[in-house]
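Trainee: Quick one, start_8.cif (mmCIF, C-alpha atoms):
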```
data_model
loop_
_atom_site.group_PDB
_atom_site.id
_atom_site.type_symbol
_atom_site.label_atom_id
_atom_site.label_comp_id
_atom_site.auth_asym_id
_atom_site.auth_seq_id
_atom_site.Cartn_x
_atom_site.Cartn_y
_atom_site.Cartn_z
ATOM 1 C CA MET A 1 -59.498 56.043 -22.749
ATOM 2 C CA SER A 2 -57.706 59.009 -21.157
ATOM 3 C CA LEU A 3 -53.930 59.415 -21.350
ATOM 4 C CA PHE A 4 -53.829 59.109 -17.560
ATOM 5 C CA ARG A 5 -55.503 55.661 -17.589
ATOM 6 C CA ILE A 6 -53.260 54.453 -20.415
ATOM 7 C CA GLY A 7 -50.170 55.525 -18.476
ATOM 8 C CA PHE A 8 -51.454 53.851 -15.326
ATOM 9 C CA LEU A 9 -52.034 50.509 -17.116
ATOM 10 C CA ILE A 10 -48.582 50.631 -18.714
ATOM 11 C CA GLY A 11 -47.103 51.199 -15.265
ATOM 12 C CA LEU A 12 -48.898 48.137 -13.871
ATOM 13 C CA LEU A 13 -47.653 45.939 -16.710
ATOM 14 C CA ALA A 14 -44.106 47.079 -16.037
ATOM 15 C CA VAL A 15 -44.150 45.772 -12.439
ATOM 16 C CA PRO A 16 -42.327 42.391 -12.221
ATOM 17 C CA ALA A 17 -44.279 39.398 -10.968
ATOM 18 C CA CYS A 18 -43.674 37.957 -7.522
ATOM 19 C CA GLY A 19 -42.297 34.471 -7.084
ATOM 20 C CA THR A 20 -39.164 32.418 -7.443
ATOM 21 C CA SER A 21 -36.524 33.816 -9.736
ATOM 22 C CA GLY A 22 -32.955 33.271 -10.698
ATOM 23 C CA SER A 23 -30.723 30.261 -10.226
ATOM 24 C CA GLY A 24 -27.545 29.155 -8.513
ATOM 25 C CA GLY A 25 -29.023 29.366 -5.023
ATOM 26 C CA ILE A 26 -31.250 32.397 -5.527
ATOM 27 C CA GLY A 27 -34.423 32.002 -3.533
ATOM 28 C CA ALA A 28 -37.794 33.682 -3.786
ATOM 29 C CA VAL A 29 -38.890 37.277 -4.058
ATOM 30 C CA SER A 30 -41.316 38.391 -1.400
ATOM 31 C CA CYS A 31 -43.488 41.152 -2.824
ATOM 32 C CA GLY A 32 -45.146 43.898 -0.909
ATOM 33 C CA ILE A 33 -45.053 47.597 -0.282
ATOM 34 C CA GLY A 34 -41.639 48.942 -1.128
ATOM 35 C CA SER A 35 -40.546 45.813 -3.080
ATOM 36 C CA THR A 36 -38.472 43.262 -1.189
ATOM 37 C CA PRO A 37 -35.105 42.418 -2.782
ATOM 38 C CA THR A 38 -34.304 38.932 -3.992
ATOM 39 C CA ILE A 39 -32.966 36.599 -1.299
ATOM 40 C CA GLY A 40 -30.274 34.057 -2.096
ATOM 41 C CA THR A 41 -30.531 30.720 -0.281
ATOM 42 C CA LEU A 42 -28.878 27.314 -0.402
ATOM 43 C CA GLN A 43 -31.715 25.999 -2.558
ATOM 44 C CA PRO A 44 -33.925 28.108 -4.845
ATOM 45 C CA GLY A 45 -37.273 28.921 -3.253
ATOM 46 C CA VAL A 46 -36.348 27.194 0.011
ATOM 47 C CA VAL A 47 -34.956 28.442 3.318
ATOM 48 C CA LYS A 48 -33.236 25.748 5.380
ATOM 49 C CA ILE A 49 -33.797 26.371 9.080
ATOM 50 C CA ALA A 50 -32.133 24.634 12.024
ATOM 51 C CA ILE A 51 -34.489 24.067 14.958
ATOM 52 C CA THR A 52 -34.377 21.883 18.056
ATOM 53 C CA GLY A 53 -37.866 20.483 17.456
ATOM 54 C CA THR A 54 -41.467 21.146 16.485
ATOM 55 C CA ALA A 55 -43.198 21.337 19.868
ATOM 56 C CA THR A 56 -46.739 22.731 19.946
ATOM 57 C CA ASP A 57 -47.294 23.442 23.661
ATOM 58 C CA PRO A 58 -47.799 27.221 24.019
ATOM 59 C CA LEU A 59 -45.728 27.110 27.214
ATOM 60 C CA ASP A 60 -42.758 25.597 25.392
ATOM 61 C CA PRO A 61 -40.075 27.988 24.024
ATOM 62 C CA GLU A 62 -39.333 25.445 21.293
ATOM 63 C CA ALA A 63 -42.884 25.915 19.998
ATOM 64 C CA TRP A 64 -42.475 29.697 20.027
ATOM 65 C CA MET A 65 -39.327 29.463 17.927
ATOM 66 C CA TYR A 66 -40.878 27.019 15.465
ATOM 67 C CA ARG A 67 -43.942 29.204 14.851
ATOM 68 C CA TYR A 68 -41.876 32.389 14.602
ATOM 69 C CA ALA A 69 -39.492 30.863 12.046
ATOM 70 C CA GLU A 70 -42.463 29.435 10.149
ATOM 71 C CA ARG A 71 -44.036 32.906 9.924
ATOM 72 C CA LEU A 72 -40.699 34.370 8.807
ATOM 73 C CA ALA A 73 -40.431 31.894 5.932
ATOM 74 C CA ALA A 74 -44.024 32.560 4.881
ATOM 75 C CA GLU A 75 -43.506 36.313 4.796
ATOM 76 C CA LEU A 76 -40.372 35.841 2.683
ATOM 77 C CA HIS A 77 -42.325 33.585 0.281
ATOM 78 C CA LEU A 78 -39.820 30.796 0.875
ATOM 79 C CA ARG A 79 -40.669 27.185 1.670
ATOM 80 C CA PRO A 80 -39.126 26.187 5.019
ATOM 81 C CA GLU A 81 -37.053 23.028 5.164
ATOM 82 C CA TRP A 82 -36.653 22.067 8.807
ATOM 83 C CA VAL A 83 -33.374 20.596 10.028
ATOM 84 C CA VAL A 84 -33.787 19.265 13.586
ATOM 85 C CA VAL A 85 -30.494 19.483 15.474
ATOM 86 C CA PRO A 86 -29.137 19.318 19.035
ATOM 87 C CA PHE A 87 -28.793 22.748 20.579
ATOM 88 C CA ASP A 88 -25.079 22.494 21.341
ATOM 89 C CA LYS A 89 -22.940 24.054 18.574
ATOM 90 C CA SER A 90 -26.060 24.791 16.490
ATOM 91 C CA TRP A 91 -24.813 28.350 16.003
ATOM 92 C CA GLU A 92 -22.046 27.013 13.734
ATOM 93 C CA LEU A 93 -24.403 25.484 11.162
ATOM 94 C CA ALA A 94 -25.132 28.626 9.134
ATOM 95 C CA GLY A 95 -21.456 29.395 8.612
ATOM 96 C CA LYS A 96 -20.821 25.789 7.595
ATOM 97 C CA ASP A 97 -23.487 26.022 4.848
ATOM 98 C CA VAL A 98 -25.669 23.388 6.497
ATOM 99 C CA VAL A 99 -28.616 25.789 6.832
ATOM 100 C CA ASP A 100 -29.541 29.327 5.872
ATOM 101 C CA LEU A 101 -30.869 30.157 9.313
ATOM 102 C CA VAL A 102 -30.375 28.891 12.868
ATOM 103 C CA ALA A 103 -33.514 29.241 14.988
ATOM 104 C CA THR A 104 -32.620 27.396 18.183
ATOM 105 C CA ASN A 105 -33.292 30.259 20.617
ATOM 106 C CA LEU A 106 -29.642 30.986 21.302
ATOM 107 C CA ALA A 107 -28.156 33.942 23.103
ATOM 108 C CA SER A 108 -25.699 36.199 21.308
ATOM 109 C CA PHE A 109 -22.577 35.346 23.291
ATOM 110 C CA ALA A 110 -19.198 36.368 21.892
ATOM 111 C CA ASP A 111 -17.985 32.764 21.933
ATOM 112 C CA ARG A 112 -20.886 31.769 19.672
ATOM 113 C CA VAL A 113 -19.741 33.998 16.827
ATOM 114 C CA SER A 114 -18.593 31.698 14.031
ATOM 115 C CA PRO A 115 -17.154 32.369 10.547
ATOM 116 C CA GLY A 116 -19.772 32.631 7.828
ATOM 117 C CA GLY A 117 -22.708 33.382 10.146
ATOM 118 C CA THR A 118 -24.046 36.624 11.619
ATOM 119 C CA PHE A 119 -26.365 37.293 14.556
ATOM 120 C CA SER A 120 -29.702 38.884 13.758
ATOM 121 C CA ALA A 121 -31.353 41.607 15.784
ATOM 122 C CA PRO A 122 -32.616 40.218 19.136
ATOM 123 C CA PHE A 123 -36.263 39.180 19.532
ATOM 124 C CA LEU A 124 -36.470 38.296 23.262
ATOM 125 C CA TYR A 125 -34.337 38.252 26.387
ATOM 126 C CA GLU A 126 -33.913 35.877 29.284
ATOM 127 C CA GLN A 127 -32.966 35.807 32.921
ATOM 128 C CA ARG A 128 -31.425 32.725 34.504
ATOM 129 C CA ALA A 129 -33.556 30.819 37.015
ATOM 130 C CA LEU A 130 -34.077 27.397 38.557
ATOM 131 C CA ARG A 131 -37.327 25.507 38.005
ATOM 132 C CA ILE A 132 -38.619 23.436 40.902
ATOM 133 C CA ARG A 133 -41.815 21.636 41.825
ATOM 134 C CA ALA A 134 -44.403 23.896 43.408
ATOM 135 C CA SER A 135 -44.530 21.508 46.363
ATOM 136 C CA ASP A 136 -40.847 22.296 47.037
ATOM 137 C CA ARG A 137 -41.216 26.070 47.127
ATOM 138 C CA ASP A 138 -40.517 26.213 50.878
ATOM 139 C CA ARG A 139 -37.425 23.987 50.635
ATOM 140 C CA TYR A 140 -35.305 25.868 48.106
ATOM 141 C CA ARG A 141 -34.370 29.486 47.462
ATOM 142 C CA THR A 142 -31.019 29.490 45.637
ATOM 143 C CA ILE A 143 -28.565 27.105 44.001
ATOM 144 C CA GLY A 144 -26.805 26.837 47.373
ATOM 145 C CA ASP A 145 -29.774 24.882 48.741
ATOM 146 C CA PHE A 146 -29.143 21.984 46.347
ATOM 147 C CA VAL A 147 -26.005 20.484 47.914
ATOM 148 C CA GLY A 148 -26.507 16.732 47.716
ATOM 149 C CA LYS A 149 -29.234 17.208 45.100
ATOM 150 C CA ARG A 150 -29.368 16.799 41.303
ATOM 151 C CA VAL A 151 -29.879 19.829 39.033
ATOM 152 C CA GLY A 152 -30.151 19.418 35.272
ATOM 153 C CA ALA A 153 -29.625 21.548 32.166
ATOM 154 C CA VAL A 154 -29.396 21.087 28.407
ATOM 155 C CA THR A 155 -25.824 20.677 27.184
ATOM 156 C CA GLY A 156 -24.336 23.848 25.727
ATOM 157 C CA MET A 157 -27.150 26.168 26.753
ATOM 158 C CA ALA A 158 -26.611 29.309 28.784
ATOM 159 C CA ALA A 159 -28.287 27.562 31.716
ATOM 160 C CA HIS A 160 -25.690 24.797 31.562
ATOM 161 C CA ARG A 161 -22.708 27.156 31.597
ATOM 162 C CA ASP A 162 -24.361 29.170 34.371
ATOM 163 C CA LEU A 163 -24.940 26.045 36.428
ATOM 164 C CA LEU A 164 -21.351 24.883 36.033
ATOM 165 C CA LYS A 165 -20.136 28.304 37.154
ATOM 166 C CA ARG A 166 -22.466 28.861 40.108
ATOM 167 C CA ALA A 167 -23.147 25.425 41.571
ATOM 168 C CA PRO A 168 -21.283 24.945 44.860
ATOM 169 C CA GLU A 169 -19.423 21.748 45.599
ATOM 170 C CA GLY A 170 -21.837 18.938 46.319
ATOM 171 C CA VAL A 171 -24.458 19.925 43.756
ATOM 172 C CA GLN A 172 -24.719 17.184 41.134
ATOM 173 C CA VAL A 173 -24.946 18.786 37.684
ATOM 174 C CA VAL A 174 -26.744 16.576 35.156
ATOM 175 C CA ALA A 175 -26.558 17.394 31.429
ATOM 176 C CA ALA A 176 -29.113 16.239 28.846
ATOM 177 C CA ALA A 177 -29.089 16.645 25.062
ATOM 178 C CA THR A 178 -32.672 17.965 24.807
ATOM 179 C CA PHE A 179 -35.434 19.497 26.907
ATOM 180 C CA PRO A 180 -37.721 16.438 26.507
ATOM 181 C CA GLU A 181 -34.950 14.241 27.897
ATOM 182 C CA LEU A 182 -34.338 16.701 30.732
ATOM 183 C CA TYR A 183 -38.002 16.988 31.704
ATOM 184 C CA ALA A 184 -38.465 13.229 31.522
ATOM 185 C CA GLN A 185 -35.792 12.884 34.207
ATOM 186 C CA PHE A 186 -37.435 15.629 36.268
ATOM 187 C CA ASP A 187 -40.897 14.068 35.958
ATOM 188 C CA ASN A 188 -39.504 10.673 36.980
ATOM 189 C CA GLY A 189 -37.938 12.124 40.131
ATOM 190 C CA GLY A 190 -34.367 11.916 38.813
ATOM 191 C CA LEU A 191 -33.804 15.661 39.155
ATOM 192 C CA ASP A 192 -34.600 18.078 41.960
ATOM 193 C CA ALA A 193 -34.443 21.183 39.759
ATOM 194 C CA ILE A 194 -33.941 22.309 36.184
ATOM 195 C CA ALA A 195 -31.715 25.218 35.269
ATOM 196 C CA GLN A 196 -33.495 27.131 32.548
ATOM 197 C CA ALA A 197 -34.777 30.709 32.353
ATOM 198 C CA GLU A 198 -37.537 33.241 32.720
ATOM 199 C CA TYR A 199 -38.372 34.584 29.253
ATOM 200 C CA PHE A 200 -39.263 38.172 28.418
ATOM 201 C CA MET A 201 -40.619 40.016 25.415
ATOM 202 C CA LEU A 202 -38.492 42.955 24.356
ATOM 203 C CA ASP A 203 -41.041 45.279 25.995
ATOM 204 C CA GLY A 204 -40.364 43.610 29.356
ATOM 205 C CA ARG A 205 -43.449 41.407 29.665
ATOM 206 C CA ILE A 206 -42.909 37.876 30.976
ATOM 207 C CA ILE A 207 -43.717 35.111 28.497
ATOM 208 C CA PRO A 208 -45.540 32.328 30.398
ATOM 209 C CA SER A 209 -43.493 29.128 30.132
ATOM 210 C CA TYR A 210 -44.688 26.901 32.994
ATOM 211 C CA GLY A 211 -47.869 25.799 34.708
ATOM 212 C CA PRO A 212 -48.999 25.878 38.341
ATOM 213 C CA GLU A 213 -47.115 22.658 39.120
ATOM 214 C CA MET A 214 -43.812 24.520 38.859
ATOM 215 C CA VAL A 215 -42.242 27.676 40.309
ATOM 216 C CA LEU A 216 -39.065 29.598 39.421
ATOM 217 C CA ILE A 217 -36.478 30.630 41.978
ATOM 218 C CA ASP A 218 -33.007 32.191 42.085
ATOM 219 C CA HIS A 219 -33.532 34.707 39.269
ATOM 220 C CA HIS A 220 -30.299 36.378 38.151
ATOM 221 C CA ASP A 221 -28.421 37.679 35.111
ATOM 222 C CA LEU A 222 -25.878 35.397 33.518
ATOM 223 C CA GLN A 223 -23.559 38.416 33.391
ATOM 224 C CA GLU A 224 -24.571 40.863 36.076
ATOM 225 C CA GLY A 225 -26.163 43.978 34.618
ATOM 226 C CA GLN A 226 -26.186 42.639 31.039
ATOM 227 C CA ARG A 227 -29.344 41.620 29.208
ATOM 228 C CA GLU A 228 -29.111 38.123 27.722
ATOM 229 C CA GLU A 229 -30.717 38.461 24.284
ATOM 230 C CA SER A 230 -31.749 35.692 21.884
ATOM 231 C CA VAL A 231 -31.099 35.901 18.145
ATOM 232 C CA PHE A 232 -31.129 34.002 14.870
ATOM 233 C CA VAL A 233 -27.855 33.127 13.159
ATOM 234 C CA VAL A 234 -27.980 33.941 9.445
ATOM 235 C CA ARG A 235 -25.730 32.447 6.776
ATOM 236 C CA ASP A 236 -23.613 35.229 5.267
ATOM 237 C CA LYS A 237 -23.772 33.693 1.787
ATOM 238 C CA SER A 238 -27.585 33.793 1.832
ATOM 239 C CA GLU A 239 -27.670 37.169 0.131
ATOM 240 C CA GLY A 240 -30.270 39.580 1.465
ATOM 241 C CA LEU A 241 -31.468 37.198 4.179
ATOM 242 C CA LEU A 242 -29.985 39.047 7.159
ATOM 243 C CA ASP A 243 -31.681 42.316 6.196
ATOM 244 C CA ALA A 244 -34.966 40.471 5.621
ATOM 245 C CA VAL A 245 -34.735 38.698 8.985
ATOM 246 C CA ASN A 246 -33.961 41.921 10.839
ATOM 247 C CA ALA A 247 -36.878 43.683 9.129
ATOM 248 C CA PHE A 248 -39.171 40.810 10.159
ATOM 249 C CA VAL A 249 -37.964 40.939 13.776
ATOM 250 C CA LYS A 250 -38.514 44.693 13.870
ATOM 251 C CA ARG A 251 -42.145 44.441 12.743
ATOM 252 C CA THR A 252 -43.087 41.125 14.393
ATOM 253 C CA PRO A 253 -43.084 40.888 18.196
ATOM 254 C CA PHE A 254 -41.966 37.556 19.664
ATOM 255 C CA PRO A 255 -43.689 35.234 20.467
ATOM 256 C CA LEU A 256 -46.599 35.233 18.038
ATOM 257 C CA HIS A 257 -49.204 34.108 20.579
ATOM 258 C CA MET A 258 -48.673 37.092 22.881
ATOM 259 C CA PRO A 259 -50.915 40.126 22.221
ATOM 260 C CA PRO A 260 -49.234 43.387 21.131
ATOM 261 C CA SER A 261 -48.465 45.837 23.906
ATOM 262 C CA SER A 262 -51.172 48.455 24.400
#
```
The structure given in the file should be rewritten as C-alpha cells.
Mentor:
Amino acid sequence: MSLFRIGFLIGLLAVPACGTSGSGGIGAVSCGIGSTPTIGTLQPGVVKIAITGTATDPLDPEAWMYRYAERLAAELHLRPEWVVVPFDKSWELAGKDVVDLVATNLASFADRVSPGGTFSAPFLYEQRALRIRASDRDRYRTIGDFVGKRVGAVTGMAAHRDLLKRAPEGVQVVAAATFPELYAQFDNGGLDAIAQAEYFMLDGRIIPSYGPEMVLIDHHDLQEGQREESVFVVRDKSEGLLDAVNAFVKRTPFPLHMPPSS
C-alpha cells in the first residue's frame, strides 16, 4: 500500500462520527460539507418548535410553516418536538425557554422583540389585504366599504392590529384565536371579510393562498413603504441554532412547494 493511501485512510479514521453528542442540553451534530458545529437545545437530540398547527392544505400558510420547520429539523439532524400554541404572544416562548424555535409565521416588529429570543433572517414577506367571497367582488373595494359589516382577524396578528387601526367607525371587528375558527365563521356567513395578507417569496413571486371562491382587495403595506417580513424566533440559549437557522433560510427558499426561480 502506498504512503499516500495510508495517509488518506488515517485521515478518514480521524473524522468524528455524526450524531448526537454531549449532554446538558447539547443537541445533535449535523454533518456535511464544511462540518456543522454542535447545536445546543433544550433536550439532547431534539428541537422544540412552536407552531400554530399542522395543516396540510398547500394553500394554507400554516402548512408552509410546518413543512419548512420540519425540513429545518431534518437538515440539522434533530428530532422535532411540536408545541402547538395560539399565535398571540408566541414570539415570547423562545426567550422563556418553552421552545428552541418559534415558527408561527410572525413578522419582525419591534414590539415583538423579547428577552432571550432573537429574530432569524426573513424567509417571506407579506402585504395586508382583505379576503372576500368572489361573488362580492363588485360590492367591496376597501375597508371603508364595510361599515355595518363584520370583518375578522386572528388575535395578535399583523392583520388584527392593521384592522383596528384602519377600520372606520361602524365596521365590526371580530377577533378569533385561530384561522380555523375565523374561517368557520366566514364559511357560516358570520363574517363579510377576513383581514389577512397576500404572501410573497423573497424574490417577489406571489405564493398562492386561496382558491377561485375568494378574491383579495385593499392591498397595502402595514407601514407605508416598509416590507413586512416574516421570521423565526430562536432561543438565545440554544447555542449555534441561530446561525444554523439563518444558513438554512439562506439556502432554502420558502415555501418548499414553490419551484426555484429560473
Trainee: Taking all atoms listed in the file into account, which of A:Gly45, A:Pro255, A:Pro58, A:Pro86 comes nearest Ala176 in chain A?
Mentor: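 Result for the nearest residue to Ala176 in chain A: A:Pro86.
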Trainee: Which of these, A:Met157, A:Ala121, A:Leu72, A:Ile143, has the shortest distance to Val171 in chain A once you count only C-alpha atoms?
Mentor: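 Once distances to Val171 in chain A are computed over only C-alpha atoms, the minimum belongs to A:Ile143.
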Trainee: Which residues fall under the PyMOL selection byres ((chain A and resi 260) around 12) in this file, as a ChimeraX atom specification?
Mentor: /A:201-203,205,251-259,261-262
Trainee: If I take CA of Val234 in chain A and CA of Ala94 in chain A, how far is one from the other in Å, to one decimal?
Mentor: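 Computing it gives 6.0 Å between the two atoms.
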Trainee: Show me the residues around (-29.0, 22.2, 12.8) - criterion: an atom at most 10 Å away, all atoms listed in the file counted - as a PyMOL selection string.
Mentor: chain A and resi 48-52+82-94+98-104
Trainee: In Å, rounded to a single decimal, give me how far CA of Thr118 in chain A is from CA of Leu242 in chain A.
Mentor: 7.8 Å
Trainee: Quick one, how far is CA of Ala159 in chain A from CA of Ala197 in chain A?
Mentor: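 One can read the CA of Ala159 in chain A to CA of Ala197 in chain A distance as 7.2 Å.
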Trainee: Fewer than 4 positions away in the same chain doesn't count, so skip those; otherwise give me all residues within 7 Å of Gly240 in chain A, counting only C-alpha atoms, as a list in words.
Mentor: Thr38, Ile39, Gly40 and Ala244 of chain A
Trainee: Show me, as a ChimeraX atom specification, the residues that have an atom within 12 Å of Arg161 in chain A when counting all atoms listed in the file, minus same-chain residues fewer than 5 positions from it.
Mentor: /A:88,109,128,152-156,166-167,173-175,195-196,222-223
Trainee: Nearest to Leu241 in chain A: which of A:Asp192, A:Ala69, A:Thr54, A:Ser120 is it, counting all atoms listed in the file?
Mentor: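 Smallest separation from Leu241 in chain A among the options: A:Ser120.
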Trainee: Could you write out as number ranges by chain the residues that the PyMOL selection byres ((chain A and resi 228) around 10) matches in the shown file?
Mentor: A: 106-109, 122, 124-128, 158, 221-227, 229-230
Trainee: Distance cut-off 10 Å, centre (-38.5, 40.2, 35.3) in file coordinates, counting only C-alpha atoms: which residues qualify? Return them as an NGL selection string.
Mentor: :A and (126-127 or 198-200 or 204-207 or 219-220)
Trainee: Go ahead and write the selection's residues with C-alpha atoms as a PDB file, keeping the file's coordinate frame.
Mentor:
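Result file again17.pdb:
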```pdb
ATOM      1  CA  GLU A 126     -33.913  35.877  29.284  1.00  0.00           C
ATOM      2  CA  GLN A 127     -32.966  35.807  32.921  1.00  0.00           C
ATOM      3  CA  GLU A 198     -37.537  33.241  32.720  1.00  0.00           C
ATOM      4  CA  TYR A 199     -38.372  34.584  29.253  1.00  0.00           C
ATOM      5  CA  PHE A 200     -39.263  38.172  28.418  1.00  0.00           C
ATOM      6  CA  GLY A 204     -40.364  43.610  29.356  1.00  0.00           C
ATOM      7  CA  ARG A 205     -43.449  41.407  29.665  1.00  0.00           C
ATOM      8  CA  ILE A 206     -42.909  37.876  30.976  1.00  0.00           C
ATOM      9  CA  ILE A 207     -43.717  35.111  28.497  1.00  0.00           C
ATOM     10  CA  HIS A 219     -33.532  34.707  39.269  1.00  0.00           C
ATOM     11  CA  HIS A 220     -30.299  36.378  38.151  1.00  0.00           C
TER      12      HIS A 220
END
```
Trainee: Select, from A:Val47, A:Val233, A:Val249, A:Ala63, the residue with the minimum atom-to-atom distance to Phe119 in chain A, counting all atoms listed in the file.
Mentor: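 Under the stated criterion, the closest residue is A:Val233.
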Trainee: Listed atoms of range 232-249 of chain A, axis-aligned box, 4 Å per side: centre and edge lengths to one decimal in Å, as AutoDock Vina command-line options?
Mentor:
```
--center_x -31.4 --center_y 38.1 --center_z 7.5 --size_x 23.6 --size_y 19.2 --size_z 22.7
```
Trainee: Taking into account only C-alpha atoms, which residue in the set A:Pro115, A:Phe248, A:Asn188, A:Ser209 is nearest to Trp64 in chain A?
Mentor: A:Ser209
Trainee: Which polymer residues have any atom within 12 Å of an atom of Phe186 in chain A, counting only C-alpha atoms, with same-chain residues fewer than 4 positions away left out, as a ChimeraX atom specification?
Mentor: /A:131-133,150-153,174,176,179-182,190-195,214
Trainee: Starting from the incomplete input, reconstruct N, CA and C atoms of range 76-92 of chain A and write that as an mmCIF file, in the frame of the given file.
Mentor:
```cif
data_model
loop_
_atom_site.group_PDB
_atom_site.id
_atom_site.type_symbol
_atom_site.label_atom_id
_atom_site.label_comp_id
_atom_site.auth_asym_id
_atom_site.auth_seq_id
_atom_site.Cartn_x
_atom_site.Cartn_y
_atom_site.Cartn_z
ATOM 1 N N LEU A 76 -41.418 35.710 3.703
ATOM 2 C CA LEU A 76 -40.372 35.841 2.683
ATOM 3 C C LEU A 76 -40.723 35.053 1.423
ATOM 4 N N HIS A 77 -41.880 34.411 1.416
ATOM 5 C CA HIS A 77 -42.325 33.585 0.281
ATOM 6 C C HIS A 77 -41.315 32.485 -0.032
ATOM 7 N N LEU A 78 -40.760 31.897 1.020
ATOM 8 C CA LEU A 78 -39.820 30.796 0.875
ATOM 9 C C LEU A 78 -40.385 29.571 1.600
ATOM 10 N N ARG A 79 -40.209 28.407 1.027
ATOM 11 C CA ARG A 79 -40.669 27.185 1.670
ATOM 12 C C ARG A 79 -39.655 26.774 2.732
ATOM 13 N N PRO A 80 -40.081 26.593 3.989
ATOM 14 C CA PRO A 80 -39.126 26.187 5.019
ATOM 15 C C PRO A 80 -38.776 24.710 4.906
ATOM 16 N N GLU A 81 -37.512 24.416 5.042
ATOM 17 C CA GLU A 81 -37.053 23.028 5.164
ATOM 18 C C GLU A 81 -36.427 22.916 6.546
ATOM 19 N N TRP A 82 -37.063 22.135 7.410
ATOM 20 C CA TRP A 82 -36.653 22.067 8.807
ATOM 21 C C TRP A 82 -35.527 21.054 8.994
ATOM 22 N N VAL A 83 -34.496 21.464 9.708
ATOM 23 C CA VAL A 83 -33.374 20.596 10.028
ATOM 24 C C VAL A 83 -33.311 20.528 11.560
ATOM 25 N N VAL A 84 -33.749 19.406 12.131
ATOM 26 C CA VAL A 84 -33.787 19.265 13.586
ATOM 27 C C VAL A 84 -32.398 18.869 14.086
ATOM 28 N N VAL A 85 -31.877 19.658 15.017
ATOM 29 C CA VAL A 85 -30.494 19.483 15.474
ATOM 30 C C VAL A 85 -30.424 19.585 16.998
ATOM 31 N N PRO A 86 -29.381 19.040 17.613
ATOM 32 C CA PRO A 86 -29.137 19.318 19.035
ATOM 33 C C PRO A 86 -28.798 20.802 19.192
ATOM 34 N N PHE A 87 -29.095 21.333 20.368
ATOM 35 C CA PHE A 87 -28.793 22.748 20.579
ATOM 36 C C PHE A 87 -27.302 23.040 20.527
ATOM 37 N N ASP A 88 -26.505 22.211 21.186
ATOM 38 C CA ASP A 88 -25.079 22.494 21.341
ATOM 39 C C ASP A 88 -24.392 22.636 19.979
ATOM 40 N N LYS A 89 -23.679 23.726 19.801
ATOM 41 C CA LYS A 89 -22.940 24.054 18.574
ATOM 42 C C LYS A 89 -23.847 24.365 17.382
ATOM 43 N N SER A 90 -25.153 24.503 17.603
ATOM 44 C CA SER A 90 -26.060 24.791 16.490
ATOM 45 C C SER A 90 -25.736 26.109 15.810
ATOM 46 N N TRP A 91 -25.145 27.042 16.566
ATOM 47 C CA TRP A 91 -24.813 28.350 16.003
ATOM 48 C C TRP A 91 -23.755 28.276 14.894
ATOM 49 N N GLU A 92 -23.079 27.160 14.767
ATOM 50 C CA GLU A 92 -22.046 27.013 13.734
ATOM 51 C C GLU A 92 -22.612 26.579 12.386
#
```
